[in-house]
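S.K.: Pasting model_33.pdb below, which is PDB, C-alpha atoms and all ligand atoms.
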```pdb
ATOM      1  CA  MET A   1     -26.414  37.914  44.638  1.00  0.00           C
ATOM      2  CA  THR A   2     -30.159  38.500  45.108  1.00  0.00           C
ATOM      3  CA  GLU A   3     -32.785  35.927  44.147  1.00  0.00           C
ATOM      4  CA  ILE A   4     -35.765  37.396  42.251  1.00  0.00           C
ATOM      5  CA  GLU A   5     -39.004  36.150  40.691  1.00  0.00           C
ATOM      6  CA  PHE A   6     -38.392  35.270  37.039  1.00  0.00           C
ATOM      7  CA  ASN A   7     -40.718  38.063  35.859  1.00  0.00           C
ATOM      8  CA  GLU A   8     -39.523  40.753  38.254  1.00  0.00           C
ATOM      9  CA  LYS A   9     -37.121  42.220  35.684  1.00  0.00           C
ATOM     10  CA  ALA A  10     -39.069  41.129  32.585  1.00  0.00           C
ATOM     11  CA  ARG A  11     -39.498  44.635  31.163  1.00  0.00           C
ATOM     12  CA  GLU A  12     -35.813  45.507  31.584  1.00  0.00           C
ATOM     13  CA  THR A  13     -34.720  42.119  30.269  1.00  0.00           C
ATOM     14  CA  LEU A  14     -36.825  42.418  27.117  1.00  0.00           C
ATOM     15  CA  GLN A  15     -35.558  45.938  26.488  1.00  0.00           C
ATOM     16  CA  LEU A  16     -31.938  44.854  26.894  1.00  0.00           C
ATOM     17  CA  LEU A  17     -32.528  41.706  24.822  1.00  0.00           C
ATOM     18  CA  SER A  18     -33.146  43.858  21.782  1.00  0.00           C
ATOM     19  CA  LYS A  19     -29.536  45.113  22.096  1.00  0.00           C
ATOM     20  CA  GLY A  20     -28.106  41.691  22.929  1.00  0.00           C
ATOM     21  CA  VAL A  21     -27.643  39.432  25.938  1.00  0.00           C
ATOM     22  CA  PHE A  22     -25.364  36.435  26.499  1.00  0.00           C
ATOM     23  CA  LEU A  23     -26.521  32.843  26.036  1.00  0.00           C
ATOM     24  CA  THR A  24     -24.071  30.480  27.712  1.00  0.00           C
ATOM     25  CA  THR A  25     -23.828  26.738  27.127  1.00  0.00           C
ATOM     26  CA  ALA A  26     -21.475  23.989  28.237  1.00  0.00           C
ATOM     27  CA  ALA A  27     -20.746  20.394  27.290  1.00  0.00           C
ATOM     28  CA  GLU A  28     -17.774  18.052  27.360  1.00  0.00           C
ATOM     29  CA  ASP A  29     -15.545  20.489  29.303  1.00  0.00           C
ATOM     30  CA  LYS A  30     -16.264  23.368  26.892  1.00  0.00           C
ATOM     31  CA  VAL A  31     -18.005  26.534  27.976  1.00  0.00           C
ATOM     32  CA  ASN A  32     -19.163  28.977  25.313  1.00  0.00           C
ATOM     33  CA  THR A  33     -21.237  32.117  25.128  1.00  0.00           C
ATOM     34  CA  MET A  34     -22.917  33.865  22.201  1.00  0.00           C
ATOM     35  CA  SER A  35     -24.951  37.022  21.796  1.00  0.00           C
ATOM     36  CA  ILE A  36     -28.684  36.680  21.241  1.00  0.00           C
ATOM     37  CA  GLY A  37     -31.211  39.328  20.352  1.00  0.00           C
ATOM     38  CA  TRP A  38     -34.344  37.222  19.986  1.00  0.00           C
ATOM     39  CA  GLY A  39     -36.027  35.489  22.897  1.00  0.00           C
ATOM     40  CA  TYR A  40     -39.148  35.210  25.021  1.00  0.00           C
ATOM     41  CA  LEU A  41     -40.126  35.269  28.659  1.00  0.00           C
ATOM     42  CA  GLY A  42     -43.425  33.679  29.612  1.00  0.00           C
ATOM     43  CA  TRP A  43     -45.343  30.649  30.743  1.00  0.00           C
ATOM     44  CA  ALA A  44     -45.828  27.142  29.366  1.00  0.00           C
ATOM     45  CA  TRP A  45     -47.017  24.035  31.153  1.00  0.00           C
ATOM     46  CA  LYS A  46     -47.481  26.278  34.226  1.00  0.00           C
ATOM     47  CA  LYS A  47     -43.721  26.797  34.304  1.00  0.00           C
ATOM     48  CA  PRO A  48     -41.709  29.990  33.826  1.00  0.00           C
ATOM     49  CA  ILE A  49     -39.977  29.871  30.456  1.00  0.00           C
ATOM     50  CA  PHE A  50     -37.075  31.628  28.696  1.00  0.00           C
ATOM     51  CA  GLY A  51     -37.319  30.797  24.992  1.00  0.00           C
ATOM     52  CA  VAL A  52     -34.277  31.239  22.757  1.00  0.00           C
ATOM     53  CA  MET A  53     -33.774  30.835  19.003  1.00  0.00           C
ATOM     54  CA  VAL A  54     -30.477  29.341  17.873  1.00  0.00           C
ATOM     55  CA  ARG A  55     -29.510  28.797  14.241  1.00  0.00           C
ATOM     56  CA  HIS A  56     -28.244  25.339  13.289  1.00  0.00           C
ATOM     57  CA  SER A  57     -24.833  26.678  12.284  1.00  0.00           C
ATOM     58  CA  ARG A  58     -23.965  27.962  15.785  1.00  0.00           C
ATOM     59  CA  PHE A  59     -21.493  26.143  18.005  1.00  0.00           C
ATOM     60  CA  THR A  60     -24.025  26.929  20.735  1.00  0.00           C
ATOM     61  CA  HIS A  61     -26.493  24.670  18.893  1.00  0.00           C
ATOM     62  CA  GLU A  62     -24.000  21.821  18.993  1.00  0.00           C
ATOM     63  CA  LEU A  63     -23.435  22.287  22.744  1.00  0.00           C
ATOM     64  CA  LEU A  64     -27.166  22.559  23.492  1.00  0.00           C
ATOM     65  CA  GLU A  65     -27.768  19.289  21.676  1.00  0.00           C
ATOM     66  CA  LYS A  66     -25.188  17.654  23.963  1.00  0.00           C
ATOM     67  CA  ASN A  67     -26.314  19.286  27.203  1.00  0.00           C
ATOM     68  CA  ALA A  68     -29.853  20.673  27.179  1.00  0.00           C
ATOM     69  CA  GLN A  69     -29.246  23.439  29.717  1.00  0.00           C
ATOM     70  CA  PHE A  70     -28.304  27.072  29.305  1.00  0.00           C
ATOM     71  CA  THR A  71     -27.937  30.316  31.187  1.00  0.00           C
ATOM     72  CA  VAL A  72     -28.783  33.819  30.054  1.00  0.00           C
ATOM     73  CA  THR A  73     -26.821  36.783  31.390  1.00  0.00           C
ATOM     74  CA  VAL A  74     -28.437  40.176  30.830  1.00  0.00           C
ATOM     75  CA  PRO A  75     -25.791  42.819  31.526  1.00  0.00           C
ATOM     76  CA  THR A  76     -26.947  46.110  32.984  1.00  0.00           C
ATOM     77  CA  VAL A  77     -23.555  47.702  32.329  1.00  0.00           C
ATOM     78  CA  ASP A  78     -22.107  48.509  28.932  1.00  0.00           C
ATOM     79  CA  MET A  79     -20.707  45.341  27.366  1.00  0.00           C
ATOM     80  CA  SER A  80     -21.169  46.366  23.755  1.00  0.00           C
ATOM     81  CA  LYS A  81     -17.619  45.350  22.788  1.00  0.00           C
ATOM     82  CA  GLU A  82     -17.996  41.873  24.288  1.00  0.00           C
ATOM     83  CA  MET A  83     -21.487  41.597  22.756  1.00  0.00           C
ATOM     84  CA  ALA A  84     -20.146  42.384  19.291  1.00  0.00           C
ATOM     85  CA  PHE A  85     -17.272  39.920  19.762  1.00  0.00           C
ATOM     86  CA  CYS A  86     -19.456  37.074  21.050  1.00  0.00           C
ATOM     87  CA  GLY A  87     -21.951  37.793  18.290  1.00  0.00           C
ATOM     88  CA  THR A  88     -19.432  37.451  15.460  1.00  0.00           C
ATOM     89  CA  LYS A  89     -16.824  34.901  16.611  1.00  0.00           C
ATOM     90  CA  SER A  90     -17.607  31.222  16.990  1.00  0.00           C
ATOM     91  CA  GLY A  91     -16.639  29.105  19.965  1.00  0.00           C
ATOM     92  CA  ARG A  92     -15.559  26.478  17.446  1.00  0.00           C
ATOM     93  CA  ASP A  93     -12.344  28.373  16.811  1.00  0.00           C
ATOM     94  CA  THR A  94     -12.133  30.979  19.601  1.00  0.00           C
ATOM     95  CA  ASP A  95     -12.305  30.670  23.376  1.00  0.00           C
ATOM     96  CA  LYS A  96     -14.604  33.655  23.815  1.00  0.00           C
ATOM     97  CA  ILE A  97     -14.750  33.329  27.603  1.00  0.00           C
ATOM     98  CA  LYS A  98     -10.987  33.746  27.808  1.00  0.00           C
ATOM     99  CA  ALA A  99     -10.743  36.368  25.071  1.00  0.00           C
ATOM    100  CA  CYS A 100     -13.356  38.565  26.790  1.00  0.00           C
ATOM    101  CA  GLY A 101     -11.870  37.974  30.243  1.00  0.00           C
ATOM    102  CA  PHE A 102     -15.211  36.690  31.571  1.00  0.00           C
ATOM    103  CA  GLU A 103     -15.226  35.241  35.050  1.00  0.00           C
ATOM    104  CA  LEU A 104     -17.566  32.256  35.441  1.00  0.00           C
ATOM    105  CA  LEU A 105     -19.721  31.430  38.449  1.00  0.00           C
ATOM    106  CA  PRO A 106     -21.146  27.928  38.801  1.00  0.00           C
ATOM    107  CA  GLY A 107     -24.857  27.589  38.068  1.00  0.00           C
ATOM    108  CA  LYS A 108     -26.962  27.035  41.187  1.00  0.00           C
ATOM    109  CA  THR A 109     -29.391  24.638  39.507  1.00  0.00           C
ATOM    110  CA  VAL A 110     -27.758  23.720  36.191  1.00  0.00           C
ATOM    111  CA  SER A 111     -24.350  22.439  35.107  1.00  0.00           C
ATOM    112  CA  VAL A 112     -23.799  25.542  32.944  1.00  0.00           C
ATOM    113  CA  PRO A 113     -22.096  28.557  34.569  1.00  0.00           C
ATOM    114  CA  VAL A 114     -23.209  32.174  34.441  1.00  0.00           C
ATOM    115  CA  LEU A 115     -21.031  35.116  33.441  1.00  0.00           C
ATOM    116  CA  ASN A 116     -20.036  37.083  36.500  1.00  0.00           C
ATOM    117  CA  CYS A 117     -21.098  40.526  35.379  1.00  0.00           C
ATOM    118  CA  LYS A 118     -23.532  43.022  36.825  1.00  0.00           C
ATOM    119  CA  GLY A 119     -27.019  42.188  35.611  1.00  0.00           C
ATOM    120  CA  TYR A 120     -29.814  39.621  35.622  1.00  0.00           C
ATOM    121  CA  GLN A 121     -29.091  35.900  35.481  1.00  0.00           C
ATOM    122  CA  TYR A 122     -31.471  33.178  34.281  1.00  0.00           C
ATOM    123  CA  GLU A 123     -30.666  29.479  34.682  1.00  0.00           C
ATOM    124  CA  CYS A 124     -32.660  27.215  32.368  1.00  0.00           C
ATOM    125  CA  ARG A 125     -33.253  23.576  31.573  1.00  0.00           C
ATOM    126  CA  VAL A 126     -34.623  22.780  28.099  1.00  0.00           C
ATOM    127  CA  LEU A 127     -38.131  21.328  28.463  1.00  0.00           C
ATOM    128  CA  CYS A 128     -38.959  21.240  24.790  1.00  0.00           C
ATOM    129  CA  LYS A 129     -37.452  22.180  21.438  1.00  0.00           C
ATOM    130  CA  THR A 130     -38.964  22.599  18.044  1.00  0.00           C
ATOM    131  CA  GLU A 131     -37.542  23.212  14.570  1.00  0.00           C
ATOM    132  CA  MET A 132     -38.521  26.255  12.585  1.00  0.00           C
ATOM    133  CA  THR A 133     -39.694  25.339   9.095  1.00  0.00           C
ATOM    134  CA  GLU A 134     -39.931  27.525   5.998  1.00  0.00           C
ATOM    135  CA  ASP A 135     -43.650  26.864   5.597  1.00  0.00           C
ATOM    136  CA  CYS A 136     -44.438  28.364   9.000  1.00  0.00           C
ATOM    137  CA  MET A 137     -43.172  31.869   8.314  1.00  0.00           C
ATOM    138  CA  PRO A 138     -44.263  34.830   6.189  1.00  0.00           C
ATOM    139  CA  GLU A 139     -42.506  35.284   2.811  1.00  0.00           C
ATOM    140  CA  GLU A 140     -41.059  38.574   3.998  1.00  0.00           C
ATOM    141  CA  ALA A 141     -39.337  36.943   6.994  1.00  0.00           C
ATOM    142  CA  LYS A 142     -38.062  34.136   4.778  1.00  0.00           C
ATOM    143  CA  LYS A 143     -36.403  36.610   2.403  1.00  0.00           C
ATOM    144  CA  LEU A 144     -35.087  38.919   5.096  1.00  0.00           C
ATOM    145  CA  TRP A 145     -33.736  36.389   7.578  1.00  0.00           C
ATOM    146  CA  TYR A 146     -33.267  33.093   5.760  1.00  0.00           C
ATOM    147  CA  GLY A 147     -32.478  34.114   2.184  1.00  0.00           C
ATOM    148  CA  PRO A 148     -29.267  33.335   0.272  1.00  0.00           C
ATOM    149  CA  GLN A 149     -27.235  35.536   2.644  1.00  0.00           C
ATOM    150  CA  ALA A 150     -28.190  33.268   5.563  1.00  0.00           C
ATOM    151  CA  GLY A 151     -27.825  30.107   3.489  1.00  0.00           C
ATOM    152  CA  GLY A 152     -31.230  28.895   4.674  1.00  0.00           C
ATOM    153  CA  ASP A 153     -29.768  28.485   8.159  1.00  0.00           C
ATOM    154  CA  LEU A 154     -32.942  27.975  10.228  1.00  0.00           C
ATOM    155  CA  HIS A 155     -33.471  28.354  13.964  1.00  0.00           C
ATOM    156  CA  THR A 156     -34.257  25.784  16.586  1.00  0.00           C
ATOM    157  CA  PHE A 157     -36.537  27.117  19.312  1.00  0.00           C
ATOM    158  CA  TYR A 158     -35.457  25.976  22.755  1.00  0.00           C
ATOM    159  CA  PHE A 159     -37.955  26.423  25.591  1.00  0.00           C
ATOM    160  CA  GLY A 160     -36.008  26.547  28.834  1.00  0.00           C
ATOM    161  CA  GLU A 161     -37.697  26.220  32.190  1.00  0.00           C
ATOM    162  CA  ILE A 162     -36.222  28.940  34.394  1.00  0.00           C
ATOM    163  CA  THR A 163     -34.887  27.075  37.410  1.00  0.00           C
ATOM    164  CA  ALA A 164     -33.232  30.072  39.080  1.00  0.00           C
ATOM    165  CA  CYS A 165     -33.227  33.822  38.547  1.00  0.00           C
ATOM    166  CA  TYR A 166     -31.078  36.333  40.400  1.00  0.00           C
ATOM    167  CA  LEU A 167     -29.240  39.634  40.223  1.00  0.00           C
ATOM    168  CA  ILE A 168     -25.513  40.095  40.564  1.00  0.00           C
TER     169      ILE A 168
HETATM  170  C1  LIG B   1     -26.770  41.490  18.992  1.00  0.00           C
HETATM  171  C2  LIG B   1     -26.697  40.095  18.383  1.00  0.00           C
HETATM  172  C3  LIG B   1     -27.806  39.248  18.513  1.00  0.00           C
HETATM  173  C4  LIG B   1     -27.767  37.948  17.958  1.00  0.00           C
HETATM  174  N1  LIG B   1     -28.876  37.118  18.114  1.00  0.00           N
HETATM  175  C5  LIG B   1     -28.825  35.838  17.694  1.00  0.00           C
HETATM  176  C6  LIG B   1     -29.927  34.950  17.960  1.00  0.00           C
HETATM  177  O1  LIG B   1     -30.930  35.293  18.611  1.00  0.00           O
HETATM  178  N2  LIG B   1     -29.829  33.669  17.475  1.00  0.00           N
HETATM  179  C7  LIG B   1     -28.741  33.230  16.756  1.00  0.00           C
HETATM  180  O2  LIG B   1     -28.708  32.058  16.339  1.00  0.00           O
HETATM  181  N3  LIG B   1     -27.685  34.065  16.497  1.00  0.00           N
HETATM  182  C8  LIG B   1     -27.694  35.333  16.975  1.00  0.00           C
HETATM  183  N4  LIG B   1     -26.620  36.176  16.763  1.00  0.00           N
HETATM  184  C9  LIG B   1     -25.430  35.666  16.057  1.00  0.00           C
HETATM  185  C10 LIG B   1     -24.527  34.813  16.961  1.00  0.00           C
HETATM  186  O3  LIG B   1     -24.271  35.445  18.212  1.00  0.00           O
HETATM  187  C11 LIG B   1     -23.155  34.562  16.252  1.00  0.00           C
HETATM  188  O4  LIG B   1     -23.367  33.863  15.048  1.00  0.00           O
HETATM  189  C12 LIG B   1     -22.132  33.865  17.116  1.00  0.00           C
HETATM  190  O5  LIG B   1     -20.862  34.046  16.511  1.00  0.00           O
HETATM  191  C13 LIG B   1     -22.396  32.382  17.297  1.00  0.00           C
HETATM  192  O6  LIG B   1     -21.441  31.873  18.193  1.00  0.00           O
HETATM  193  P1  LIG B   1     -21.153  30.319  18.408  1.00  0.00           P
HETATM  194  O7  LIG B   1     -20.799  29.704  17.060  1.00  0.00           O
HETATM  195  O8  LIG B   1     -20.002  30.313  19.367  1.00  0.00           O
HETATM  196  O9  LIG B   1     -22.392  29.721  18.998  1.00  0.00           O
HETATM  197  C14 LIG B   1     -26.625  37.482  17.273  1.00  0.00           C
HETATM  198  C15 LIG B   1     -25.520  38.353  17.121  1.00  0.00           C
HETATM  199  C16 LIG B   1     -25.555  39.634  17.676  1.00  0.00           C
HETATM  200  C17 LIG B   1     -24.361  40.543  17.524  1.00  0.00           C
END
```
Show me this structure written as structure tokens.

M.R.:
Amino acid sequence: MTEIEFNEKARETLQLLSKGVFLTTAAEDKVNTMSIGWGYLGWAWKKPIFGVMVRHSRFTHELLEKNAQFTVTVPTVDMSKEMAFCGTKSGRDTDKIKACGFELLPGKTVSVPVLNCKGYQYECRVLCKTEMTEDCMPEEAKKLWYGPQAGGDLHTFYFGEITACYLI
């Protein structure tokens, strides 16, 4: 395990994010992970931030509302099968950690574990969250991403302060 600056692997992380990375949450003895493809690395309030967008319908949303901490695991090895699984099954009715055979390592700075797989790990504490509203987006995005097929299921933006960043 090698500690790195949060922006040291920013380019690689953003490239891999477009294919999917794992967002892990935990509350009330449940640990869950889901695939995410949208997110941001940057600065706010002079703090390093990982921003994630989670739709209201996700079990992950429920867990984040109970425990405002998360970890992001960016695999640098092929995990396309696990990514597809964790991006289509819900933790409400499937134990995805068990089903994928993920090993968990305790977070160093948060109560949420990280997935023990080769890649970049970000531990985050939610500093701020804000609700996406229909009036703040272009018509095209509304139709494409929040139309009848998505049932109007909007995202919450969670801004997580990165409290630790390392490679496994
Ligand atoms: C590659 C990929 C990227 C995804 N990105 C997001 C995302 O950024 N935000 C989101 O809310 N859902 C995203 N999803 C969908 C969730 O991963 C999916 O609905 C998942 O089953 C939710 O799990 P949960 O109910 O256990 O939280 C993505 C799915 C895939 C396959």

S.K.: Report, in Å to a single decimal, how far apart atom CA of Gly87 of chain A and atom C13 of ligand LIG 1 (chain B) are.

M.R.: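 Answer for the atom C13 of ligand LIG 1 (chain B) to atom CA of Gly87 of chain A separation: 5.5 Å.
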
S.K.: Hey, what's within 8 Å of Lys19 of chain A if we count all atoms listed in the file and toss same-chain stuff fewer than 3 positions away? As a count of residues only, please?

M.R.: 3

S.K.: Selection in question (the file shown): the PyMOL selection byres (((not hetatm)) within 6 of (chain B and resi 1)). Which residues does it include, as a PDB file with C-alpha atoms, keeping the file's coordinate frame?

M.R.:
```pdb
ATOM      1  CA  LYS A  19     -29.536  45.113  22.096  1.00  0.00           C
ATOM      2  CA  GLY A  20     -28.106  41.691  22.929  1.00  0.00           C
ATOM      3  CA  MET A  34     -22.917  33.865  22.201  1.00  0.00           C
ATOM      4  CA  SER A  35     -24.951  37.022  21.796  1.00  0.00           C
ATOM      5  CA  ILE A  36     -28.684  36.680  21.241  1.00  0.00           C
ATOM      6  CA  GLY A  37     -31.211  39.328  20.352  1.00  0.00           C
ATOM      7  CA  TRP A  38     -34.344  37.222  19.986  1.00  0.00           C
ATOM      8  CA  MET A  53     -33.774  30.835  19.003  1.00  0.00           C
ATOM      9  CA  VAL A  54     -30.477  29.341  17.873  1.00  0.00           C
ATOM     10  CA  ARG A  55     -29.510  28.797  14.241  1.00  0.00           C
ATOM     11  CA  ARG A  58     -23.965  27.962  15.785  1.00  0.00           C
ATOM     12  CA  PHE A  59     -21.493  26.143  18.005  1.00  0.00           C
ATOM     13  CA  THR A  60     -24.025  26.929  20.735  1.00  0.00           C
ATOM     14  CA  ALA A  84     -20.146  42.384  19.291  1.00  0.00           C
ATOM     15  CA  CYS A  86     -19.456  37.074  21.050  1.00  0.00           C
ATOM     16  CA  GLY A  87     -21.951  37.793  18.290  1.00  0.00           C
ATOM     17  CA  THR A  88     -19.432  37.451  15.460  1.00  0.00           C
ATOM     18  CA  LYS A  89     -16.824  34.901  16.611  1.00  0.00           C
ATOM     19  CA  SER A  90     -17.607  31.222  16.990  1.00  0.00           C
ATOM     20  CA  GLY A  91     -16.639  29.105  19.965  1.00  0.00           C
TER      21      GLY A  91
END
```

S.K.: Expanded to explicit residues, what is the PyMOL selection byres (((chain A and resi 127) around 10) and not hetatm) for this file, as a PyMOL selection string?

M.R.: chain A and resi 44-45+47+49+68-69+124-126+128-129+158-162

S.K.: Hey, can you spit out that residue selection with C-alpha atoms as an mmCIF file, in the coordinates of the input?

M.R.:
```cif
data_model
loop_
_atom_site.group_PDB
_atom_site.id
_atom_site.type_symbol
_atom_site.label_atom_id
_atom_site.label_comp_id
_atom_site.auth_asym_id
_atom_site.auth_seq_id
_atom_site.Cartn_x
_atom_site.Cartn_y
_atom_site.Cartn_z
ATOM 1 C CA ALA A 44 -45.828 27.142 29.366
ATOM 2 C CA TRP A 45 -47.017 24.035 31.153
ATOM 3 C CA LYS A 47 -43.721 26.797 34.304
ATOM 4 C CA ILE A 49 -39.977 29.871 30.456
ATOM 5 C CA ALA A 68 -29.853 20.673 27.179
ATOM 6 C CA GLN A 69 -29.246 23.439 29.717
ATOM 7 C CA CYS A 124 -32.660 27.215 32.368
ATOM 8 C CA ARG A 125 -33.253 23.576 31.573
ATOM 9 C CA VAL A 126 -34.623 22.780 28.099
ATOM 10 C CA CYS A 128 -38.959 21.240 24.790
ATOM 11 C CA LYS A 129 -37.452 22.180 21.438
ATOM 12 C CA TYR A 158 -35.457 25.976 22.755
ATOM 13 C CA PHE A 159 -37.955 26.423 25.591
ATOM 14 C CA GLY A 160 -36.008 26.547 28.834
ATOM 15 C CA GLU A 161 -37.697 26.220 32.190
ATOM 16 C CA ILE A 162 -36.222 28.940 34.394
#
```

S.K.: List every protein, DNA or RNA residue that has an atom no more than 7 Å from (-35.5, 23.5, 18.1) in the file's coordinate frame, counting all atoms listed in the file, and report them as a PyMOL selection string.

M.R.: chain A and resi 129-132+155-158

S.K.: When distances are computed from only C-alpha atoms, which of A:Tyr120, A:Phe6, A:Tyr166, A:Trp145 shows the smallest separation from Pro75 of chain A?

M.R.: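 Nearest to Pro75 of chain A: A:Tyr120.
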
S.K.: For the point (-36.6, 31.9, 10.7) in the file's frame, write as a ChimeraX atom specification all residues with an atom no more than 8 Å away, counting all atoms listed in the file.

M.R.: /A:132-134,137,141-142,145-146,154-155

S.K.: Can you list what the PyMOL selection byres (((chain A and resi 168) around 9) and not hetatm) grabs from this structure, as a compact mmCIF listing (two decimals) with C-alpha atoms, in the frame of the given file?

M.R.:
```txt
# COMPACT_ATOMS: atom_id res chain seq x y z
CA MET A 1 -26.41 37.91 44.64
CA THR A 2 -30.16 38.50 45.11
CA ASN A 116 -20.04 37.08 36.50
CA CYS A 117 -21.10 40.53 35.38
CA LYS A 118 -23.53 43.02 36.83
CA GLY A 119 -27.02 42.19 35.61
CA TYR A 120 -29.81 39.62 35.62
CA GLN A 121 -29.09 35.90 35.48
CA TYR A 166 -31.08 36.33 40.40
CA LEU A 167 -29.24 39.63 40.22
```

S.K.: Using all atoms listed in the file, can you tell me which of A:Cys100, A:Met83, A:Ile4, A:Ala26 comes closest to Cys165 of chain A?

M.R.: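 Closest to Cys165 of chain A of all the choices is A:Ile4.
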
S.K.: When you look at Thr33 of chain A with a cut-off of 7 Å (counting all atoms listed in the file), what residues show up, excluding the ones that are within fewer than 3 positions of it in the same chain? I need them as a PyMOL selection string.

M.R.: chain A and resi 22-25+86+96
